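To start, the structure itself, in structure tokens.
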Amino acid sequence: MKKVLFGLLIYSLSLPGFSLSQTMQNDYESNPELRKTEIGFSLILDLDFEEALSKLKAELKKEGFGILTEVDVKATLKQKLDVDFRPYQILGACNPPLAHKALLAEAEIGLMLPCKFIVYVNEDDKTVVSAVDPVRMMEGIKNEQLADVAKTVQEKFIKVLASL
């Protein structure tokens with residue numbers, strides 16, 4: 001499994017527009033399970049759901065992010081639709097100084113805040129943690145100041161994921 005995920009990582013690094021700083025490259029190399037997806041970064045962990053959720057929150061806090069929103073998808077689907085669903089949590093994370101910079105650079109960026117993380121149990125009963133890629137999300141916005149903020153957030157997100 002590690003070889004497959006590492007292969008996916010190597011492939012993703014060759015995608016147009018995706019490059020890593022040396023620090024980010026080191027984070028990737030120290031954690032080959034970390035992979036790039038179409039809209040973010042993902043990691044399969046050897047932790048149970050609650051442990052992964054708790055550790056993610058702690059690591060986000062170390063990088064200056066607070067959790068503004070938490071959506072318990074499993075509980076919501078049970079309450080609203082009376083269906084059973086796997087453990088799945090959506091977190092809205094915010095780093096106030098970076099959010100302020102982004103809002104000063106682009107007023108409409110609030111449509112994309114807070115940044116999202118998800119923690120869920122996949123079909124193989126493994127816990128997955130994923131983060132949105134802020135650089136990818138900003139590709140359509142031609143604003144260099146915003147791009148710089150997105151790159152900083154991206155680096156912090158990769159650091160958080162690599163530390164899990």
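Residue numbers start at 1 in each chain; chains themselves are named A, B, ... in the order of the structure tokens; ligands are numbered from 1 in the order shown.
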
| message | For the structure I just gave you, how does DSSP split chain A - specifically, which residues are helix (DSSP H, G or I)? Reply as JSON, numbers by chain. | response | {"A": [2, 3, 4, 5, 6, 7, 8, 9, 10, 11, 12, 13, 22, 23, 24, 25, 26, 27, 28, 29, 30, 49, 50, 51, 52, 53, 54, 55, 56, 57, 58, 59, 60, 61, 62, 73, 74, 75, 76, 77, 78, 79, 80, 81, 96, 97, 98, 99, 100, 101, 102, 103, 104, 105, 107, 108, 109, 110, 111, 112, 134, 135, 136, 137, 144, 145, 146, 147, 148, 149, 150, 151, 152, 153, 154, 155, 156, 157, 158, 159, 160, 161, 162, 163]}

Given the selection you just returned, output its residues as a file containing C-alpha atoms, formatted as a PDB file, in the first residue's frame.
```pdb
ATOM      1  CA  LYS A   2       2.825   2.440   0.876  1.00  0.00           C
ATOM      2  CA  LYS A   3       4.422   1.828  -2.530  1.00  0.00           C
ATOM      3  CA  VAL A   4       1.142   2.622  -4.305  1.00  0.00           C
ATOM      4  CA  LEU A   5       0.602   5.813  -2.327  1.00  0.00           C
ATOM      5  CA  PHE A   6       4.218   6.872  -2.787  1.00  0.00           C
ATOM      6  CA  GLY A   7       3.821   6.251  -6.521  1.00  0.00           C
ATOM      7  CA  LEU A   8       0.727   8.456  -6.520  1.00  0.00           C
ATOM      8  CA  LEU A   9       2.709  11.134  -4.721  1.00  0.00           C
ATOM      9  CA  ILE A  10       5.536  11.012  -7.243  1.00  0.00           C
ATOM     10  CA  TYR A  11       3.013  11.211 -10.078  1.00  0.00           C
ATOM     11  CA  SER A  12       1.206  14.143  -8.463  1.00  0.00           C
ATOM     12  CA  LEU A  13       4.438  16.064  -8.051  1.00  0.00           C
ATOM     13  CA  GLN A  22      12.375  22.399   0.226  1.00  0.00           C
ATOM     14  CA  THR A  23      10.583  22.326   3.591  1.00  0.00           C
ATOM     15  CA  MET A  24       7.481  20.866   2.001  1.00  0.00           C
ATOM     16  CA  GLN A  25       9.602  18.349   0.085  1.00  0.00           C
ATOM     17  CA  ASN A  26      11.178  17.267   3.376  1.00  0.00           C
ATOM     18  CA  ASP A  27       7.707  16.884   4.933  1.00  0.00           C
ATOM     19  CA  TYR A  28       6.660  14.707   1.986  1.00  0.00           C
ATOM     20  CA  GLU A  29       9.798  12.603   2.156  1.00  0.00           C
ATOM     21  CA  SER A  30       9.306  12.027   5.888  1.00  0.00           C
ATOM     22  CA  PHE A  49     -11.112   8.215  14.089  1.00  0.00           C
ATOM     23  CA  GLU A  50     -11.257  10.049  17.432  1.00  0.00           C
ATOM     24  CA  GLU A  51      -7.469   9.949  17.903  1.00  0.00           C
ATOM     25  CA  ALA A  52      -6.917  11.333  14.403  1.00  0.00           C
ATOM     26  CA  LEU A  53      -9.458  14.117  14.965  1.00  0.00           C
ATOM     27  CA  SER A  54      -7.892  15.081  18.286  1.00  0.00           C
ATOM     28  CA  LYS A  55      -4.343  15.011  16.933  1.00  0.00           C
ATOM     29  CA  LEU A  56      -5.349  17.063  13.863  1.00  0.00           C
ATOM     30  CA  LYS A  57      -6.859  19.774  16.073  1.00  0.00           C
ATOM     31  CA  ALA A  58      -3.730  19.873  18.228  1.00  0.00           C
ATOM     32  CA  GLU A  59      -1.419  20.134  15.205  1.00  0.00           C
ATOM     33  CA  LEU A  60      -3.552  22.863  13.636  1.00  0.00           C
ATOM     34  CA  LYS A  61      -3.358  24.824  16.871  1.00  0.00           C
ATOM     35  CA  LYS A  62       0.458  24.594  16.790  1.00  0.00           C
ATOM     36  CA  VAL A  73     -21.727  14.365   9.007  1.00  0.00           C
ATOM     37  CA  LYS A  74     -22.573  10.976  10.528  1.00  0.00           C
ATOM     38  CA  ALA A  75     -24.769  12.532  13.236  1.00  0.00           C
ATOM     39  CA  THR A  76     -26.347  15.021  10.831  1.00  0.00           C
ATOM     40  CA  LEU A  77     -27.315  12.332   8.315  1.00  0.00           C
ATOM     41  CA  LYS A  78     -28.738  10.185  11.092  1.00  0.00           C
ATOM     42  CA  GLN A  79     -30.772  13.077  12.498  1.00  0.00           C
ATOM     43  CA  LYS A  80     -31.998  14.522   9.179  1.00  0.00           C
ATOM     44  CA  LEU A  81     -32.359  11.397   7.018  1.00  0.00           C
ATOM     45  CA  PRO A  96      -6.728  34.919  11.844  1.00  0.00           C
ATOM     46  CA  PRO A  97      -3.622  36.808  10.641  1.00  0.00           C
ATOM     47  CA  LEU A  98      -3.568  34.891   7.352  1.00  0.00           C
ATOM     48  CA  ALA A  99      -7.339  35.223   6.912  1.00  0.00           C
ATOM     49  CA  HIS A 100      -6.990  38.980   7.472  1.00  0.00           C
ATOM     50  CA  LYS A 101      -4.284  39.216   4.793  1.00  0.00           C
ATOM     51  CA  ALA A 102      -6.418  37.218   2.382  1.00  0.00           C
ATOM     52  CA  LEU A 103      -9.470  39.408   3.014  1.00  0.00           C
ATOM     53  CA  LEU A 104      -7.426  42.566   2.487  1.00  0.00           C
ATOM     54  CA  ALA A 105      -6.135  41.153  -0.797  1.00  0.00           C
ATOM     55  CA  ALA A 107     -12.879  40.829  -0.379  1.00  0.00           C
ATOM     56  CA  GLU A 108     -14.698  37.956  -2.099  1.00  0.00           C
ATOM     57  CA  ILE A 109     -12.286  35.374  -0.658  1.00  0.00           C
ATOM     58  CA  GLY A 110     -14.655  35.036   2.280  1.00  0.00           C
ATOM     59  CA  LEU A 111     -16.620  32.679   0.047  1.00  0.00           C
ATOM     60  CA  MET A 112     -13.797  30.177   0.496  1.00  0.00           C
ATOM     61  CA  PRO A 134      -5.481  26.617  -0.879  1.00  0.00           C
ATOM     62  CA  VAL A 135      -3.116  27.174  -3.825  1.00  0.00           C
ATOM     63  CA  ARG A 136      -5.292  24.982  -6.034  1.00  0.00           C
ATOM     64  CA  MET A 137      -8.425  26.786  -4.843  1.00  0.00           C
ATOM     65  CA  GLU A 144      -0.436  37.869  -6.411  1.00  0.00           C
ATOM     66  CA  GLN A 145      -1.002  38.927  -2.775  1.00  0.00           C
ATOM     67  CA  LEU A 146      -3.647  36.250  -2.403  1.00  0.00           C
ATOM     68  CA  ALA A 147      -1.403  33.677  -4.073  1.00  0.00           C
ATOM     69  CA  ASP A 148       1.316  34.411  -1.504  1.00  0.00           C
ATOM     70  CA  VAL A 149      -1.111  33.888   1.387  1.00  0.00           C
ATOM     71  CA  ALA A 150      -2.382  30.662  -0.190  1.00  0.00           C
ATOM     72  CA  LYS A 151       1.180  29.353  -0.518  1.00  0.00           C
ATOM     73  CA  THR A 152       1.845  30.076   3.173  1.00  0.00           C
ATOM     74  CA  VAL A 153      -1.355  28.288   4.190  1.00  0.00           C
ATOM     75  CA  GLN A 154      -0.496  25.360   1.909  1.00  0.00           C
ATOM     76  CA  GLU A 155       2.910  24.981   3.572  1.00  0.00           C
ATOM     77  CA  LYS A 156       1.307  25.026   7.022  1.00  0.00           C
ATOM     78  CA  PHE A 157      -1.300  22.436   6.002  1.00  0.00           C
ATOM     79  CA  ILE A 158       1.354  20.090   4.648  1.00  0.00           C
ATOM     80  CA  LYS A 159       3.331  20.516   7.863  1.00  0.00           C
ATOM     81  CA  VAL A 160       0.224  19.671   9.902  1.00  0.00           C
ATOM     82  CA  LEU A 161      -0.540  16.577   7.845  1.00  0.00           C
ATOM     83  CA  ALA A 162       3.077  15.419   7.868  1.00  0.00           C
ATOM     84  CA  SER A 163       3.085  15.644  11.670  1.00  0.00           C
TER      85      SER A 163
END
```

| task | Compile the contact shell of Ile90 (chain A) as a PyMOL selection string: residues with an atom at most 6 Å away, counting only C-alpha atoms, same-chain residues fewer than 5 positions apart removed. | result | chain A and resi 70-71+117-118

Could those residues be written to a file, using N, CA and C atoms, as a tab-separated table (two decimals), in the first residue's frame?
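The result, stored in out-v3.tsv:
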```tsv
chain	number	residue	atom	x	y	z
A	70	GLU	N	-17.40	22.84	12.99
A	70	GLU	CA	-17.28	21.38	13.02
A	70	GLU	C	-18.62	20.81	12.59
A	71	VAL	N	-18.57	19.98	11.58
A	71	VAL	CA	-19.79	19.34	11.10
A	71	VAL	C	-19.61	17.83	11.26
A	117	PHE	N	-10.83	20.89	6.40
A	117	PHE	CA	-10.18	19.60	6.65
A	117	PHE	C	-11.31	18.59	6.81
A	118	ILE	N	-11.05	17.36	6.43
A	118	ILE	CA	-12.01	16.29	6.70
A	118	ILE	C	-11.27	15.12	7.36
```

| message | Please identify the strand (DSSP E or B) residues within chain A (assignment by DSSP from backbone atoms) and present them as number ranges by chain. | response | A: 35-36, 40-45, 66-72, 88-94, 115-121, 127-132

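If you measure from each of A:Ile141, A:Val119, A:Val132, A:Leu34 to Asp72 (chain A) using only C-alpha atoms, the closest one turns out to be A:Val119.
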
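Put simply, CA of Gln89 (chain A) is 9.6 Å away from CA of Val129 (chain A).
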
| field | Interatomic distance, CA of Glu33 (chain A) to CA of Gly64 (chain A) (Å, one decimal) | value |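 Distance reported for this atom pair: 24.2 Å.
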
| Please, what distance in Å, to one decimal, runs between CA of Ile67 (chain A) and CA of Thr37 (chain A)? |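 Between CA of Ile67 (chain A) and CA of Thr37 (chain A) the gap works out to 22.8 Å.
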
| Among the residues A:Leu113, A:Thr127, A:Phe41, A:Glu139, the one that comes closest to Tyr88 (chain A) [using only C-alpha atoms] |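 Among A:Leu113, A:Thr127, A:Phe41, A:Glu139, it is A:Thr127 that comes nearest to Tyr88 (chain A).
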